[in-house]
Amino acid sequence: MWGSVAVGNSSAVALEGASVSLGGHLVWRDADLEVAAGEFVAVLGPNGAGKSTLLKALLGVVPLSAGTVRVFGRPVRRGNDEVGYLPQRRRFDPDLRIRALDLVRLGLDGDRLGVPLPSRTKEDRVRRMIELVGASAYAERPIGELSGGEQQRILIAQALVTGARMLMLDEPLESLDLNNQQAISDLIRSICERQGVTVLLVAHDVNPILPFVDRVVYVAGGHVLCGKPEEVIRTETLTRLYGAPVEVLKTSDGRLIVVGQHEPVSYHPVDH
Ligand SMILES: Nc1ncnc2c1ncn2[C@@H]1O[C@H](COP(=O)(O)OP(=O)(O)OP(=O)(O)O)[C@@H](O)[C@H]1O
Ligand SMILES: [Mg+2]
C-alpha cells in the first residue's frame with residue numbers, strides 16, 4: 001500500500017508484510033521496512049501507535065502475527081549482542097550510589113551468554129565508550145546525581161559497550177531541554193558515522209532531530225511508513241496514513257507541526 005522496498009540480506013533491518021497483535025488488538029499490519037546498515041532513522045507517531053512495539057518486534061521480544069523480520073540478515077533473537085537497546089522511561093533513583101562507570105560495565109557483565117572478556121579488555125572498552133559519549137568528566141560520580149542528559153550519555157555508552165552494530169533508543173530525548181536534545185542527537189549522529197552503527201530512535205517531536213536523521217519511520221493508524229522526512233511529514237501522506245485529516249504546518253523558523261490528529265495526545269509542545 002505504501003510502496004514496498006527491495007529487501008536485501010545486507011540490510012540492518014528488514015520487515016516484510018509484518019503485523020503485530022497484542023492482547024487481541026492489531027497494533028499495526030503489513031509493514032514493509034528496510035533500514036540500511038549505518039542509517040540514522042527516527043521513529044515517530046502518536047502515543048499508543050506502536051513505536052515501542054516496533055522496536056520490541058525487532059528485538060525479538062514481541063512476536064509477529066504475520067510476515068517476517070530479519071536483523072542483519074538473520075531471524076531476530078533475544079539477547080543479541082549486536083543490538084543495543086535503551087527502553088522507554090528509564091530513570092534512576094537520585095539516591096542510587098552506583099557510579100556511572102560501573103553502570104556502563106554492567107552492560108558487559110550482564111551478558112552471561114557471551115564470551116568472558118579479560119578484565120583489562122573490559123576496562124579498556126568501558127573507558128573507550130565513556131570517552132566516545134563525552135562522559136569522562138562525570139564517569140566516577142553516582143548515576144543518581146547526574147542530570148538527565150548526562151544519564152542519557154551513560155546509557156548510550158552502556159548500550160554500545162558490547163560492540164553493538166545497531167542502537168535502538170526508545171524516546172531517549174524525553175524530558176531533556178532543547179540544547180540537550182540537540183546535543184544527544186548530534187552525538188548519536190556522530191556515533192552512527194564514526195562507528196557505522198545503525199540507529200533507530202523513537203522521538204515524540206521530530207524537530208530537534210530533523211537535521212540529523214537520514215529517514216523517518218512514521219507509525220500511525222495501524223500502519224508503518226518509511227521515507228525521507230520531506231516525503232513522509234506532509235499533509236497528504238499523513239492524512240492517508242492516519243486515515244483522518246491531518247495537517248502539517250511549517251513555522252517561519254522551519255519547525256514542523258502536525259495538527260488535527262484524532263488521537264487525544266498532542267504531537268508537539270506548542271499544541272499544549
Ligand atoms: N502487552 C500488551 N498487551 C496488550 N496491549 C499492549 C501491550 N503492550 C502494548 N499494548 C498496546 O499496543 C499499542 C501500542 O503500544 P506501544 O507501547 O508500542 O505504543 P507507542 O507508540 O510506543 O506509544 P507511546 O508514545 O505512548 O510510548 C497500545 O495501544 C498499547 O496499549
Ligand atoms: Mg512507546
# chains A, B, ... in the order shown; residues from 1 in each chain; ligands from 1
>>> residues_around(residues="A:Val246", least_positions_apart="4", cutoff="10 Å", atoms="only C-alpha atoms", output="PDB file with C-alpha atoms, in the first residue's frame")
ATOM      1  CA  ARG A 234       3.400  16.038   4.628  1.00  0.00           C
ATOM      2  CA  THR A 235      -0.293  16.759   4.906  1.00  0.00           C
ATOM      3  CA  GLU A 236      -1.340  14.302   2.160  1.00  0.00           C
ATOM      4  CA  THR A 237       0.918  11.473   3.306  1.00  0.00           C
ATOM      5  CA  LEU A 238      -0.006  11.663   6.980  1.00  0.00           C
ATOM      6  CA  THR A 239      -3.707  12.082   6.207  1.00  0.00           C
ATOM      7  CA  ARG A 240      -3.556   8.821   4.231  1.00  0.00           C
ATOM      8  CA  LEU A 241      -1.550   7.106   6.954  1.00  0.00           C
ATOM      9  CA  TYR A 242      -3.859   8.155   9.810  1.00  0.00           C
ATOM     10  CA  VAL A 258       1.396  18.100  12.909  1.00  0.00           C
ATOM     11  CA  VAL A 259      -2.141  19.172  13.795  1.00  0.00           C
ATOM     12  CA  GLY A 260      -5.584  17.621  13.686  1.00  0.00           C
ATOM     13  CA  GLN A 261      -4.583  14.079  14.511  1.00  0.00           C
ATOM     14  CA  HIS A 262      -7.513  12.269  16.059  1.00  0.00           C
TER      15      HIS A 262
END
>>> select_by_dssp(residues="stretch 22-169 of chain A", states="alpha helix (DSSP H)", output="VMD selection string")
chain A and resid 51 to 59 100 to 109 119 to 132 148 to 160
>>> residues_near_ligand(ligand="ligand 2", cutoff="12 Å", atoms="only C-alpha atoms and all ligand atoms", output="PyMOL selection string")
chain A and resi 43-56+86-90+169-172+174+201-204+219
>>> write_last_selection(atoms="N, CA and C atoms", output="compact mmCIF listing (two decimals), in the first residue's frame")
# COMPACT_ATOMS: atom_id res chain seq x y z
N VAL A 43 11.89 7.16 14.61
CA VAL A 43 10.58 6.51 14.63
C VAL A 43 9.60 7.45 15.31
N LEU A 44 8.60 7.90 14.55
CA LEU A 44 7.67 8.92 15.03
C LEU A 44 6.24 8.39 15.04
N GLY A 45 5.36 9.15 15.68
CA GLY A 45 3.94 8.78 15.68
C GLY A 45 3.32 9.09 17.02
N PRO A 46 1.99 9.10 17.07
CA PRO A 46 1.30 9.47 18.31
C PRO A 46 1.41 8.39 19.39
N ASN A 47 1.03 8.74 20.60
CA ASN A 47 1.04 7.78 21.71
C ASN A 47 0.17 6.58 21.37
N GLY A 48 0.67 5.42 21.69
CA GLY A 48 -0.11 4.20 21.51
C GLY A 48 -0.13 3.66 20.09
N ALA A 49 0.61 4.30 19.18
CA ALA A 49 0.57 3.88 17.77
C ALA A 49 1.32 2.57 17.53
N GLY A 50 2.32 2.28 18.39
CA GLY A 50 3.07 1.04 18.22
C GLY A 50 4.54 1.25 17.93
N LYS A 51 5.10 2.37 18.37
CA LYS A 51 6.53 2.65 18.15
C LYS A 51 7.39 1.73 19.00
N SER A 52 7.07 1.66 20.30
CA SER A 52 7.84 0.77 21.19
C SER A 52 7.66 -0.68 20.74
N THR A 53 6.45 -1.00 20.30
CA THR A 53 6.17 -2.36 19.82
C THR A 53 7.05 -2.69 18.62
N LEU A 54 7.28 -1.69 17.76
CA LEU A 54 8.14 -1.92 16.59
C LEU A 54 9.56 -2.28 17.05
N LEU A 55 10.10 -1.53 18.01
CA LEU A 55 11.44 -1.86 18.50
C LEU A 55 11.44 -3.26 19.12
N LYS A 56 10.40 -3.55 19.89
CA LYS A 56 10.35 -4.86 20.56
C LYS A 56 10.24 -6.00 19.55
N LEU A 86 17.82 0.79 24.51
CA LEU A 86 17.51 1.68 25.62
C LEU A 86 16.00 1.74 25.76
N PRO A 87 15.44 1.07 26.78
CA PRO A 87 13.97 1.08 26.90
C PRO A 87 13.44 2.48 27.22
N GLN A 88 12.13 2.64 27.01
CA GLN A 88 11.49 3.93 27.28
C GLN A 88 11.44 4.20 28.79
N ARG A 89 11.54 5.46 29.15
CA ARG A 89 11.40 5.92 30.54
C ARG A 89 12.28 5.19 31.52
N ARG A 90 13.56 5.31 31.30
CA ARG A 90 14.49 4.73 32.25
C ARG A 90 14.99 5.85 33.14
N LEU A 169 16.83 3.13 20.46
CA LEU A 169 16.66 4.04 21.58
C LEU A 169 15.20 4.48 21.63
N ASP A 170 14.53 4.14 22.74
CA ASP A 170 13.10 4.46 22.85
C ASP A 170 12.92 5.76 23.64
N GLU A 171 12.65 6.82 22.94
CA GLU A 171 12.47 8.17 23.50
C GLU A 171 13.64 8.61 24.38
N PRO A 172 14.85 8.57 23.88
CA PRO A 172 16.00 8.98 24.70
C PRO A 172 16.04 10.49 24.95
N GLU A 174 13.34 12.30 25.71
CA GLU A 174 12.23 12.70 26.57
C GLU A 174 12.77 13.41 27.81
N LEU A 201 15.71 5.55 16.51
CA LEU A 201 15.45 6.39 17.68
C LEU A 201 13.99 6.82 17.68
N VAL A 202 13.28 6.43 18.74
CA VAL A 202 11.88 6.86 18.86
C VAL A 202 11.86 8.25 19.46
N ALA A 203 11.09 9.14 18.83
CA ALA A 203 11.02 10.51 19.33
C ALA A 203 9.59 11.00 19.28
N HIS A 204 9.29 11.91 20.17
CA HIS A 204 7.95 12.47 20.21
C HIS A 204 7.84 13.68 19.29
N VAL A 219 4.66 5.78 12.47
CA VAL A 219 3.70 4.74 12.86
C VAL A 219 2.41 5.43 13.26
>>> residues_around(residues="A:Val20", least_positions_apart="5", cutoff="10 Å", atoms="only C-alpha atoms", output="list in words")
His25, Leu26, Val27, Trp28, Arg29, Asp30, Ala31, Gly50, Thr53, Leu54, Ala57, Val62, Pro63, Leu64, Ser65, Ala66, Gly67 and Gly222 of chain A
>>> closest_residue(among="A:Lys250, A:Arg125, A:Arg70, A:Arg120", to="A:Ser10", atoms="only C-alpha atoms")
A:Arg70
>>> closest_residue(among="A:Glu247, A:Glu193, A:Asp205, A:Glu16", to="ligand 1", atoms="only C-alpha atoms and all ligand atoms")
A:Asp205
>>> residues_around(residues="A:Asp124", least_positions_apart="5", cutoff="12 Å", atoms="only C-alpha atoms", output="PyMOL selection string")
chain A and resi 101+104-105+108+117-119+129-131+161
>>> write_last_selection(atoms="N, CA and C atoms", output="mmCIF file, in the first residue's frame")
data_model
loop_
_atom_site.group_PDB
_atom_site.id
_atom_site.type_symbol
_atom_site.label_atom_id
_atom_site.label_comp_id
_atom_site.auth_asym_id
_atom_site.auth_seq_id
_atom_site.Cartn_x
_atom_site.Cartn_y
_atom_site.Cartn_z
ATOM 1 N N LEU A 101 30.378 4.804 35.678
ATOM 2 C CA LEU A 101 31.331 3.869 35.075
ATOM 3 C C LEU A 101 30.920 2.403 35.295
ATOM 4 N N VAL A 104 28.030 1.356 33.105
ATOM 5 C CA VAL A 104 28.455 1.015 31.736
ATOM 6 C C VAL A 104 29.036 -0.402 31.736
ATOM 7 N N ARG A 105 29.843 -0.717 32.762
ATOM 8 C CA ARG A 105 30.466 -2.041 32.836
ATOM 9 C C ARG A 105 29.404 -3.143 32.949
ATOM 10 N N LEU A 108 28.435 -5.093 30.021
ATOM 11 C CA LEU A 108 29.276 -6.244 29.659
ATOM 12 C C LEU A 108 29.012 -7.418 30.587
ATOM 13 N N LEU A 117 35.321 -11.790 28.937
ATOM 14 C CA LEU A 117 36.462 -10.983 28.496
ATOM 15 C C LEU A 117 37.425 -10.815 29.661
ATOM 16 N N PRO A 118 38.738 -10.769 29.385
ATOM 17 C CA PRO A 118 39.680 -10.460 30.462
ATOM 18 C C PRO A 118 39.358 -9.083 31.037
ATOM 19 N N SER A 119 39.590 -8.898 32.343
ATOM 20 C CA SER A 119 39.122 -7.655 32.964
ATOM 21 C C SER A 119 39.806 -6.419 32.370
ATOM 22 N N MET A 129 34.123 3.655 25.578
ATOM 23 C CA MET A 129 32.720 4.029 25.360
ATOM 24 C C MET A 129 32.379 5.323 26.094
ATOM 25 N N ILE A 130 32.929 5.454 27.301
ATOM 26 C CA ILE A 130 32.661 6.664 28.072
ATOM 27 C C ILE A 130 33.264 7.888 27.375
ATOM 28 N N GLU A 131 34.446 7.705 26.812
ATOM 29 C CA GLU A 131 35.056 8.797 26.038
ATOM 30 C C GLU A 131 34.224 9.119 24.807
ATOM 31 N N VAL A 161 28.414 -0.841 24.655
ATOM 32 C CA VAL A 161 29.662 -1.414 25.177
ATOM 33 C C VAL A 161 29.916 -2.859 24.730
#
>>> residues_around(residues="A:Asp95", least_positions_apart="2", cutoff="7 Å", atoms="only C-alpha atoms", output="PyMOL selection string")
chain A and resi 93+97+144
>>> write_last_selection(atoms="C-alpha atoms", output="compact mmCIF listing (two decimals), in the first residue's frame")
# COMPACT_ATOMS: atom_id res chain seq x y z
CA ASP A 93 16.65 6.99 41.89
CA ARG A 97 25.09 5.28 44.56
CA GLY A 144 21.60 9.17 40.57
>>> residues_around(residues="A:Ile143", least_positions_apart="4", cutoff="8 Å", atoms="only C-alpha atoms", output="ChimeraX atom specification")
/A:92,94,96-100,103,151
>>> closest_residue(among="A:Ala42, A:Ala159, A:Leu22, A:Leu225", to="ligand 1", atoms="only C-alpha atoms and all ligand atoms")
A:Leu22
>>> select_by_dssp(residues="stretch 35-175 of chain A", states="strand (DSSP E)", output="short mmCIF file (atom, residue, chain, number, x, y, z; two decimals) with N, CA and C atoms, in the first residue's frame")
data_model
loop_
_atom_site.label_atom_id
_atom_site.label_comp_id
_atom_site.auth_asym_id
_atom_site.auth_seq_id
_atom_site.Cartn_x
_atom_site.Cartn_y
_atom_site.Cartn_z
N VAL A 35 15.99 -0.91 6.64
CA VAL A 35 16.94 0.08 7.12
C VAL A 35 18.33 -0.42 6.76
N PHE A 40 20.61 6.42 10.19
CA PHE A 40 20.02 7.00 11.40
C PHE A 40 18.56 7.27 11.07
N VAL A 41 17.68 6.52 11.74
CA VAL A 41 16.25 6.59 11.43
C VAL A 41 15.48 7.00 12.68
N ALA A 42 14.61 7.99 12.54
CA ALA A 42 13.73 8.39 13.64
C ALA A 42 12.41 7.66 13.51
N VAL A 43 11.89 7.16 14.61
CA VAL A 43 10.58 6.51 14.63
C VAL A 43 9.60 7.45 15.31
N LEU A 44 8.60 7.90 14.55
CA LEU A 44 7.67 8.92 15.03
C LEU A 44 6.24 8.39 15.04
N ALA A 66 2.13 -11.92 11.63
CA ALA A 66 2.25 -12.24 10.20
C ALA A 66 3.54 -11.61 9.68
N GLY A 67 4.05 -12.14 8.59
CA GLY A 67 5.21 -11.53 7.94
C GLY A 67 6.53 -12.02 8.51
N THR A 68 7.61 -11.35 8.09
CA THR A 68 8.95 -11.77 8.52
C THR A 68 9.74 -10.57 9.02
N VAL A 69 10.68 -10.85 9.91
CA VAL A 69 11.58 -9.82 10.40
C VAL A 69 12.99 -10.40 10.44
N ARG A 70 13.94 -9.63 9.90
CA ARG A 70 15.34 -10.02 9.96
C ARG A 70 16.17 -8.84 10.42
N VAL A 71 17.17 -9.12 11.24
CA VAL A 71 18.11 -8.09 11.68
C VAL A 71 19.49 -8.57 11.28
N ARG A 74 19.50 -11.99 9.62
CA ARG A 74 19.15 -13.23 10.33
C ARG A 74 17.83 -13.06 11.10
N PRO A 75 17.16 -14.16 11.35
CA PRO A 75 15.94 -14.06 12.16
C PRO A 75 16.27 -13.44 13.52
N VAL A 83 22.83 -5.80 19.04
CA VAL A 83 21.81 -4.77 19.18
C VAL A 83 21.81 -4.21 20.60
N GLY A 84 22.04 -2.91 20.70
CA GLY A 84 21.95 -2.23 21.99
C GLY A 84 20.58 -1.58 22.12
N TYR A 85 19.97 -1.68 23.30
CA TYR A 85 18.59 -1.22 23.46
C TYR A 85 18.47 -0.33 24.69
N LEU A 86 17.82 0.79 24.51
CA LEU A 86 17.51 1.68 25.62
C LEU A 86 16.00 1.74 25.76
N MET A 166 23.95 -2.00 16.14
CA MET A 166 22.69 -1.26 16.00
C MET A 166 22.24 -0.79 17.37
N LEU A 167 21.74 0.44 17.42
CA LEU A 167 21.21 1.00 18.66
C LEU A 167 19.73 1.25 18.48
N MET A 168 18.93 0.77 19.43
CA MET A 168 17.50 1.07 19.40
C MET A 168 17.19 1.87 20.66
N LEU A 169 16.83 3.13 20.46
CA LEU A 169 16.66 4.04 21.58
C LEU A 169 15.20 4.48 21.63
N ASP A 170 14.53 4.14 22.74
CA ASP A 170 13.10 4.46 22.85
C ASP A 170 12.92 5.76 23.64
#
>>> residues_around(residues="A:Ala135", least_positions_apart="2", cutoff="12 Å", atoms="only C-alpha atoms", output="ChimeraX atom specification")
/A:100-101,104,126-133,137-141,143,146-147,149-158,184,187
>>> closest_residue(among="A:Ile233, A:Ala164, A:Ala36, A:Val61", to="ligand 1", atoms="only C-alpha atoms and all ligand atoms")
A:Val61
>>> atom_distance(atom1="atom 31 (O, counted along the ligand's line) of ligand 1", atom2="atom CA of A:Asp32")
22.1 Å
